[in-house]
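**Student:** Right, I'll just put the structure down here and ask away after.
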Amino acid sequence: MVTLSKIEEFIASDPIAMVGVSRNPKKFGFTAFRELKGKGMNIIPVNPHAAEIHGVKAFPDVNSLPPEVKALIIMTPKSQTAAVVRDARAKGVDSIWIQQMSESKEALRELEGSGINLITDQCILMHYKPHSIHKFHGRLKKFFGRFPK
């Protein structure tokens with residue numbers, strides 16, 4: 001179960017890597033990365049097809065990340081998420097945020113009993129220094145009792 005303290009623990013991680021960052025400014029993976037970086041998050045892009053994204057050195061895969069990376073946001077297609085989770089576990093990542101629409105049953109099974117701080121069914125933009133529409137979504141979730149406690 002996702003709790004507010006688990007979310008706060010994740011957000012306190014530094015640095016945080018994001019797998020699934022797009023090079024295309026029209027895609028959510030690029031927009032989310034740019035917004036989190038702009039809000040001050042120490043975030044590292046992971047994209048096998050880019051050396052740099054939005055001025056930040058990109059890494060081709062989870063295995064290439066620096067050892068100090070212990071938290072990971074996954075924004076990949078569902079078909080790729082379980083493989084990213086396996087790589088993250090092998091790398092020693094201890095906190096994983098699987099962005100909405102990236103979850104797969106296989107990925108969640110990989111994480112059962114792992115002890116990894118897992119955040120699912122939440123939008124990172126609603127929890128990390130939210131503004132405008134994301135702040136509004138958070139208020140709606142609170143109103144309807146669906147915001148983590």
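Residue numbering restarts at 1 in every chain; chains get A, B, ... in the order shown in the structure tokens, and ligands count up from 1 in that same order.
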When you look at range 56-68 of chain A with a cut-off of 10 Å (counting only C-alpha atoms), what residues show up, excluding the ones that are within fewer than 5 positions of it in the same chain? I need them as a ChimeraX atom specification.

**Tutor:** /A:13-21,37,43-51,84-93

**Student:** Write the residues of the preceding selection, restricted to N, CA and C atoms, as an mmCIF file, in the first residue's frame.

**Tutor:**
data_model
loop_
_atom_site.group_PDB
_atom_site.id
_atom_site.type_symbol
_atom_site.label_atom_id
_atom_site.label_comp_id
_atom_site.auth_asym_id
_atom_site.auth_seq_id
_atom_site.Cartn_x
_atom_site.Cartn_y
_atom_site.Cartn_z
ATOM 1 N N SER A 13 15.082 11.003 -1.936
ATOM 2 C CA SER A 13 16.238 10.352 -2.570
ATOM 3 C C SER A 13 16.971 11.361 -3.451
ATOM 4 N N ASP A 14 18.278 11.191 -3.550
ATOM 5 C CA ASP A 14 19.073 12.115 -4.360
ATOM 6 C C ASP A 14 20.364 11.422 -4.775
ATOM 7 N N PRO A 15 20.577 11.224 -6.048
ATOM 8 C CA PRO A 15 19.751 11.594 -7.193
ATOM 9 C C PRO A 15 18.671 10.548 -7.470
ATOM 10 N N ILE A 16 17.761 10.902 -8.376
ATOM 11 C CA ILE A 16 16.714 9.995 -8.833
ATOM 12 C C ILE A 16 16.876 9.846 -10.350
ATOM 13 N N ALA A 17 16.864 8.611 -10.824
ATOM 14 C CA ALA A 17 16.948 8.370 -12.273
ATOM 15 C C ALA A 17 15.541 8.161 -12.819
ATOM 16 N N MET A 18 15.340 8.545 -14.068
ATOM 17 C CA MET A 18 14.062 8.326 -14.739
ATOM 18 C C MET A 18 14.293 7.525 -16.011
ATOM 19 N N VAL A 19 13.694 6.342 -16.055
ATOM 20 C CA VAL A 19 13.780 5.488 -17.232
ATOM 21 C C VAL A 19 12.542 5.742 -18.083
ATOM 22 N N GLY A 20 12.776 5.986 -19.361
ATOM 23 C CA GLY A 20 11.661 6.263 -20.264
ATOM 24 C C GLY A 20 11.557 7.732 -20.612
ATOM 25 N N VAL A 21 12.617 8.481 -20.373
ATOM 26 C CA VAL A 21 12.631 9.897 -20.747
ATOM 27 C C VAL A 21 12.714 9.977 -22.265
ATOM 28 N N LYS A 37 13.027 18.496 -13.287
ATOM 29 C CA LYS A 37 14.336 19.163 -13.289
ATOM 30 C C LYS A 37 14.159 20.652 -12.995
ATOM 31 N N ILE A 43 17.723 14.890 -11.105
ATOM 32 C CA ILE A 43 17.177 13.787 -11.875
ATOM 33 C C ILE A 43 18.085 13.440 -13.049
ATOM 34 N N ILE A 44 18.233 12.150 -13.278
ATOM 35 C CA ILE A 44 19.135 11.640 -14.309
ATOM 36 C C ILE A 44 18.309 10.894 -15.347
ATOM 37 N N PRO A 45 18.419 11.276 -16.629
ATOM 38 C CA PRO A 45 17.643 10.575 -17.655
ATOM 39 C C PRO A 45 18.286 9.258 -18.091
ATOM 40 N N VAL A 46 17.417 8.285 -18.370
ATOM 41 C CA VAL A 46 17.856 7.006 -18.924
ATOM 42 C C VAL A 46 17.135 6.830 -20.253
ATOM 43 N N ASN A 47 17.932 6.773 -21.322
ATOM 44 C CA ASN A 47 17.400 6.603 -22.672
ATOM 45 C C ASN A 47 18.516 6.003 -23.527
ATOM 46 N N PRO A 48 18.270 4.829 -24.112
ATOM 47 C CA PRO A 48 19.333 4.170 -24.879
ATOM 48 C C PRO A 48 19.692 4.875 -26.192
ATOM 49 N N HIS A 49 18.914 5.884 -26.572
ATOM 50 C CA HIS A 49 19.127 6.545 -27.860
ATOM 51 C C HIS A 49 19.591 7.994 -27.730
ATOM 52 N N ALA A 50 19.982 8.410 -26.528
ATOM 53 C CA ALA A 50 20.381 9.805 -26.339
ATOM 54 C C ALA A 50 21.598 9.903 -25.428
ATOM 55 N N ALA A 51 22.508 10.777 -25.774
ATOM 56 C CA ALA A 51 23.670 11.043 -24.928
ATOM 57 C C ALA A 51 23.331 12.112 -23.894
ATOM 58 N N VAL A 84 13.016 -3.535 -16.653
ATOM 59 C CA VAL A 84 13.640 -2.414 -15.934
ATOM 60 C C VAL A 84 13.671 -2.719 -14.435
ATOM 61 N N VAL A 85 12.598 -3.271 -13.912
ATOM 62 C CA VAL A 85 12.540 -3.637 -12.491
ATOM 63 C C VAL A 85 13.618 -4.670 -12.165
ATOM 64 N N ARG A 86 13.772 -5.678 -13.013
ATOM 65 C CA ARG A 86 14.816 -6.697 -12.773
ATOM 66 C C ARG A 86 16.200 -6.061 -12.748
ATOM 67 N N ASP A 87 16.467 -5.165 -13.699
ATOM 68 C CA ASP A 87 17.757 -4.481 -13.729
ATOM 69 C C ASP A 87 17.956 -3.621 -12.480
ATOM 70 N N ALA A 88 16.894 -2.960 -12.056
ATOM 71 C CA ALA A 88 16.982 -2.094 -10.872
ATOM 72 C C ALA A 88 17.284 -2.909 -9.617
ATOM 73 N N ARG A 89 16.625 -4.047 -9.488
ATOM 74 C CA ARG A 89 16.887 -4.914 -8.332
ATOM 75 C C ARG A 89 18.340 -5.389 -8.345
ATOM 76 N N ALA A 90 18.822 -5.797 -9.513
ATOM 77 C CA ALA A 90 20.205 -6.273 -9.630
ATOM 78 C C ALA A 90 21.196 -5.154 -9.318
ATOM 79 N N LYS A 91 20.831 -3.932 -9.633
ATOM 80 C CA LYS A 91 21.696 -2.760 -9.409
ATOM 81 C C LYS A 91 21.698 -2.325 -7.941
ATOM 82 N N GLY A 92 20.704 -2.765 -7.160
ATOM 83 C CA GLY A 92 20.631 -2.369 -5.756
ATOM 84 C C GLY A 92 19.769 -1.149 -5.506
ATOM 85 N N VAL A 93 18.918 -0.815 -6.467
ATOM 86 C CA VAL A 93 17.986 0.302 -6.283
ATOM 87 C C VAL A 93 17.029 -0.074 -5.156
#

**Student:** Pick out each residue of range 11-115 of chain A that DSSP on the backbone tags as helix (DSSP H, G or I); I need them as number ranges by chain.

**Tutor:** A: 11, 28-38, 62-64, 78-91, 105-111

**Student:** Please, could you write that set of residues out with N, CA, C and O atoms as a CSV table (one decimal), in the first residue's frame?

**Tutor:**
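And here's selection_22.csv as it stands now:
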chain,number,residue,atom,x,y,z
A,11,ILE,N,10.8,10.8,-2.6
A,11,ILE,CA,11.2,12.1,-3.0
A,11,ILE,C,12.5,12.7,-2.4
A,11,ILE,O,13.2,13.4,-3.0
A,28,PHE,N,5.1,12.8,-22.9
A,28,PHE,CA,5.0,12.9,-21.5
A,28,PHE,C,6.3,12.7,-20.8
A,28,PHE,O,6.7,13.4,-19.8
A,29,GLY,N,7.1,11.7,-21.2
A,29,GLY,CA,8.4,11.4,-20.6
A,29,GLY,C,9.3,12.6,-20.6
A,29,GLY,O,10.1,12.8,-19.7
A,30,PHE,N,9.3,13.3,-21.7
A,30,PHE,CA,10.2,14.5,-21.8
A,30,PHE,C,9.6,15.6,-20.9
A,30,PHE,O,10.3,16.3,-20.1
A,31,THR,N,8.3,15.8,-21.0
A,31,THR,CA,7.6,16.9,-20.2
A,31,THR,C,7.8,16.7,-18.7
A,31,THR,O,8.1,17.6,-18.0
A,32,ALA,N,7.6,15.5,-18.3
A,32,ALA,CA,7.8,15.2,-16.8
A,32,ALA,C,9.2,15.4,-16.4
A,32,ALA,O,9.4,16.0,-15.4
A,33,PHE,N,10.2,14.9,-17.2
A,33,PHE,CA,11.6,15.1,-16.9
A,33,PHE,C,11.9,16.6,-16.7
A,33,PHE,O,12.5,17.1,-15.8
A,34,ARG,N,11.5,17.4,-17.8
A,34,ARG,CA,11.8,18.8,-17.8
A,34,ARG,C,11.1,19.5,-16.6
A,34,ARG,O,11.8,20.4,-15.9
A,35,GLU,N,9.9,19.1,-16.2
A,35,GLU,CA,9.2,19.8,-15.1
A,35,GLU,C,9.9,19.4,-13.8
A,35,GLU,O,10.1,20.3,-13.0
A,36,LEU,N,10.3,18.2,-13.6
A,36,LEU,CA,10.9,17.8,-12.3
A,36,LEU,C,12.3,18.5,-12.2
A,36,LEU,O,12.6,19.0,-11.1
A,37,LYS,N,13.0,18.5,-13.3
A,37,LYS,CA,14.3,19.2,-13.3
A,37,LYS,C,14.2,20.7,-13.0
A,37,LYS,O,14.9,21.2,-12.2
A,38,GLY,N,13.2,21.3,-13.6
A,38,GLY,CA,12.9,22.7,-13.4
A,38,GLY,C,12.5,23.0,-12.0
A,38,GLY,O,12.7,24.1,-11.5
A,62,VAL,N,19.7,1.1,-17.0
A,62,VAL,CA,19.8,1.1,-15.5
A,62,VAL,C,21.2,0.7,-15.1
A,62,VAL,O,21.8,1.2,-14.1
A,63,ASN,N,21.8,-0.3,-15.7
A,63,ASN,CA,23.1,-0.9,-15.3
A,63,ASN,C,24.2,0.1,-15.5
A,63,ASN,O,25.2,0.0,-14.8
A,64,SER,N,24.0,1.1,-16.3
A,64,SER,CA,25.1,2.1,-16.5
A,64,SER,C,25.0,3.3,-15.5
A,64,SER,O,25.9,4.1,-15.5
A,78,LYS,N,4.4,-0.6,-20.7
A,78,LYS,CA,4.2,-1.7,-19.8
A,78,LYS,C,5.0,-2.9,-20.2
A,78,LYS,O,5.5,-3.6,-19.3
A,79,SER,N,5.2,-3.1,-21.5
A,79,SER,CA,5.9,-4.3,-21.9
A,79,SER,C,7.4,-4.3,-21.5
A,79,SER,O,8.1,-5.3,-21.6
A,80,GLN,N,7.9,-3.1,-21.2
A,80,GLN,CA,9.4,-3.0,-20.8
A,80,GLN,C,9.6,-2.9,-19.3
A,80,GLN,O,10.7,-3.0,-18.8
A,81,THR,N,8.5,-2.6,-18.6
A,81,THR,CA,8.7,-2.3,-17.1
A,81,THR,C,9.3,-3.4,-16.3
A,81,THR,O,10.2,-3.2,-15.5
A,82,ALA,N,8.9,-4.7,-16.5
A,82,ALA,CA,9.4,-5.8,-15.7
A,82,ALA,C,10.9,-5.9,-15.9
A,82,ALA,O,11.7,-6.2,-15.0
A,83,ALA,N,11.4,-5.8,-17.1
A,83,ALA,CA,12.8,-5.8,-17.4
A,83,ALA,C,13.6,-4.7,-16.7
A,83,ALA,O,14.7,-5.0,-16.1
A,84,VAL,N,13.0,-3.5,-16.7
A,84,VAL,CA,13.6,-2.4,-15.9
A,84,VAL,C,13.7,-2.7,-14.4
A,84,VAL,O,14.7,-2.5,-13.8
A,85,VAL,N,12.6,-3.3,-13.9
A,85,VAL,CA,12.5,-3.6,-12.5
A,85,VAL,C,13.6,-4.7,-12.2
A,85,VAL,O,14.3,-4.5,-11.2
A,86,ARG,N,13.8,-5.7,-13.0
A,86,ARG,CA,14.8,-6.7,-12.8
A,86,ARG,C,16.2,-6.1,-12.7
A,86,ARG,O,17.0,-6.4,-11.9
A,87,ASP,N,16.5,-5.2,-13.7
A,87,ASP,CA,17.8,-4.5,-13.7
A,87,ASP,C,18.0,-3.6,-12.5
A,87,ASP,O,19.1,-3.6,-11.9
A,88,ALA,N,16.9,-3.0,-12.1
A,88,ALA,CA,17.0,-2.1,-10.9
A,88,ALA,C,17.3,-2.9,-9.6
A,88,ALA,O,18.1,-2.5,-8.8
A,89,ARG,N,16.6,-4.0,-9.5
A,89,ARG,CA,16.9,-4.9,-8.3
A,89,ARG,C,18.3,-5.4,-8.3
A,89,ARG,O,19.0,-5.4,-7.3
A,90,ALA,N,18.8,-5.8,-9.5
A,90,ALA,CA,20.2,-6.3,-9.6
A,90,ALA,C,21.2,-5.2,-9.3
A,90,ALA,O,22.3,-5.4,-8.8
A,91,LYS,N,20.8,-3.9,-9.6
A,91,LYS,CA,21.7,-2.8,-9.4
A,91,LYS,C,21.7,-2.3,-7.9
A,91,LYS,O,22.6,-1.6,-7.5
A,105,LYS,N,1.5,-6.4,-14.4
A,105,LYS,CA,1.4,-7.5,-13.4
A,105,LYS,C,2.8,-8.1,-13.2
A,105,LYS,O,3.2,-8.4,-12.1
A,106,GLU,N,3.5,-8.4,-14.3
A,106,GLU,CA,4.8,-9.0,-14.2
A,106,GLU,C,5.8,-8.2,-13.4
A,106,GLU,O,6.5,-8.7,-12.5
A,107,ALA,N,5.8,-6.9,-13.6
A,107,ALA,CA,6.7,-6.0,-12.9
A,107,ALA,C,6.3,-6.0,-11.4
A,107,ALA,O,7.2,-6.0,-10.5
A,108,LEU,N,5.1,-5.9,-11.1
A,108,LEU,CA,4.6,-5.9,-9.7
A,108,LEU,C,5.0,-7.3,-9.0
A,108,LEU,O,5.4,-7.3,-7.8
A,109,ARG,N,4.9,-8.4,-9.7
A,109,ARG,CA,5.3,-9.7,-9.2
A,109,ARG,C,6.8,-9.7,-8.9
A,109,ARG,O,7.2,-10.3,-7.9
A,110,GLU,N,7.5,-9.1,-9.8
A,110,GLU,CA,9.0,-9.0,-9.5
A,110,GLU,C,9.4,-8.3,-8.2
A,110,GLU,O,10.4,-8.6,-7.6
A,111,LEU,N,8.5,-7.4,-7.8
A,111,LEU,CA,8.8,-6.6,-6.6
A,111,LEU,C,8.2,-7.2,-5.3
A,111,LEU,O,8.5,-6.7,-4.2

**Student:** Using only C-alpha atoms, which residues sit within 10 Å of Phe10 in chain A once same-chain residues fewer than 5 positions away are excluded, as a short mmCIF file (atom, residue, chain, number, x, y, z; two decimals) with N, CA and C atoms, in the first residue's frame?

**Tutor:**
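Final output, part.cif:
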data_model
loop_
_atom_site.label_atom_id
_atom_site.label_comp_id
_atom_site.auth_asym_id
_atom_site.auth_seq_id
_atom_site.Cartn_x
_atom_site.Cartn_y
_atom_site.Cartn_z
N LEU A 4 1.83 8.19 2.32
CA LEU A 4 2.49 9.48 2.16
C LEU A 4 3.94 9.41 2.63
N SER A 5 4.22 8.66 3.68
CA SER A 5 5.60 8.56 4.16
C SER A 5 6.49 7.83 3.15
N ILE A 16 17.76 10.90 -8.38
CA ILE A 16 16.71 10.00 -8.83
C ILE A 16 16.88 9.85 -10.35
N LYS A 70 19.87 5.36 -6.12
CA LYS A 70 19.14 4.33 -5.37
C LYS A 70 17.63 4.45 -5.56
N ALA A 71 17.20 5.43 -6.38
CA ALA A 71 15.76 5.62 -6.63
C ALA A 71 15.54 5.76 -8.13
N LEU A 72 14.42 5.22 -8.58
CA LEU A 72 14.15 5.14 -10.01
C LEU A 72 12.68 5.41 -10.29
N ILE A 73 12.43 6.29 -11.24
CA ILE A 73 11.08 6.50 -11.76
C ILE A 73 11.01 5.75 -13.09
N ASP A 94 16.79 0.85 -4.22
CA ASP A 94 15.92 0.50 -3.09
C ASP A 94 14.59 1.25 -3.06
N SER A 95 14.35 2.06 -4.10
CA SER A 95 13.10 2.81 -4.17
C SER A 95 12.69 2.94 -5.64
N ILE A 96 11.47 2.48 -5.96
CA ILE A 96 11.00 2.51 -7.35
C ILE A 96 9.61 3.13 -7.41
N TRP A 97 9.47 4.08 -8.33
CA TRP A 97 8.17 4.70 -8.61
C TRP A 97 7.79 4.28 -10.01
N ASN A 117 11.04 0.11 -1.60
CA ASN A 117 10.00 1.12 -1.43
C ASN A 117 9.34 1.32 -2.79
N LEU A 118 8.12 0.83 -2.95
CA LEU A 118 7.43 0.85 -4.24
C LEU A 118 6.27 1.83 -4.21
N ILE A 119 6.26 2.72 -5.20
CA ILE A 119 5.15 3.65 -5.39
C ILE A 119 4.51 3.31 -6.72
#

**Student:** When distances are computed from only C-alpha atoms, which of A:Ile98, A:Glu9, A:Gly40, A:Pro25 shows the smallest separation from Ile124 in chain A?

**Tutor:**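 For Ile124 in chain A, the nearest of the candidates is A:Ile98.
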
**Student:** Which residue out of A:Ala12, A:Gly113, A:Lys39, A:Ile74 has the minimum interatomic distance to Pro130 in chain A when only C-alpha atoms are used?

**Tutor:** A:Lys39

**Student:** For CA of Ser104 in chain A and CA of Gly145 in chain A, quote the distance in Å rounded to one decimal.

**Tutor:**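 Distance reported for this atom pair: 24.4 Å.
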
**Student:** As a list in words, please: every residue in range 53-108 of chain A that a backbone DSSP assignment puts in strand (DSSP E or B).

**Tutor:**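 Strand (DSSP E or B) members of range 53-108 of chain A, listed: Ile53, Val56, Lys57, Phe59, Ala71, Leu72, Ile73, Ile74, Ser95, Ile96, Trp97 and Ile98 of chain A.
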
**Student:** Which residues are near Ser102 in chain A? Cut-off 6 Å, only C-alpha atoms, ignore same chain within fewer than 6 positions. Put them as a tab-separated table (two decimals) with N, CA, C and O atoms, in the first residue's frame.

**Tutor:**
chain	number	residue	atom	x	y	z
A	75	MET	N	8.93	5.18	-16.51
A	75	MET	CA	7.90	5.71	-17.40
A	75	MET	C	7.96	5.00	-18.75
A	75	MET	O	7.80	5.62	-19.79
A	76	THR	N	8.19	3.73	-18.72
A	76	THR	CA	8.32	2.95	-19.94
A	76	THR	C	6.97	2.37	-20.35
A	76	THR	O	6.04	2.31	-19.54
A	77	PRO	N	6.87	1.88	-21.58
A	77	PRO	CA	5.68	1.09	-21.93
A	77	PRO	C	5.61	-0.13	-21.01
A	77	PRO	O	6.63	-0.67	-20.58
A	78	LYS	N	4.39	-0.58	-20.71
A	78	LYS	CA	4.19	-1.72	-19.80
A	78	LYS	C	5.04	-2.93	-20.19
A	78	LYS	O	5.53	-3.64	-19.32
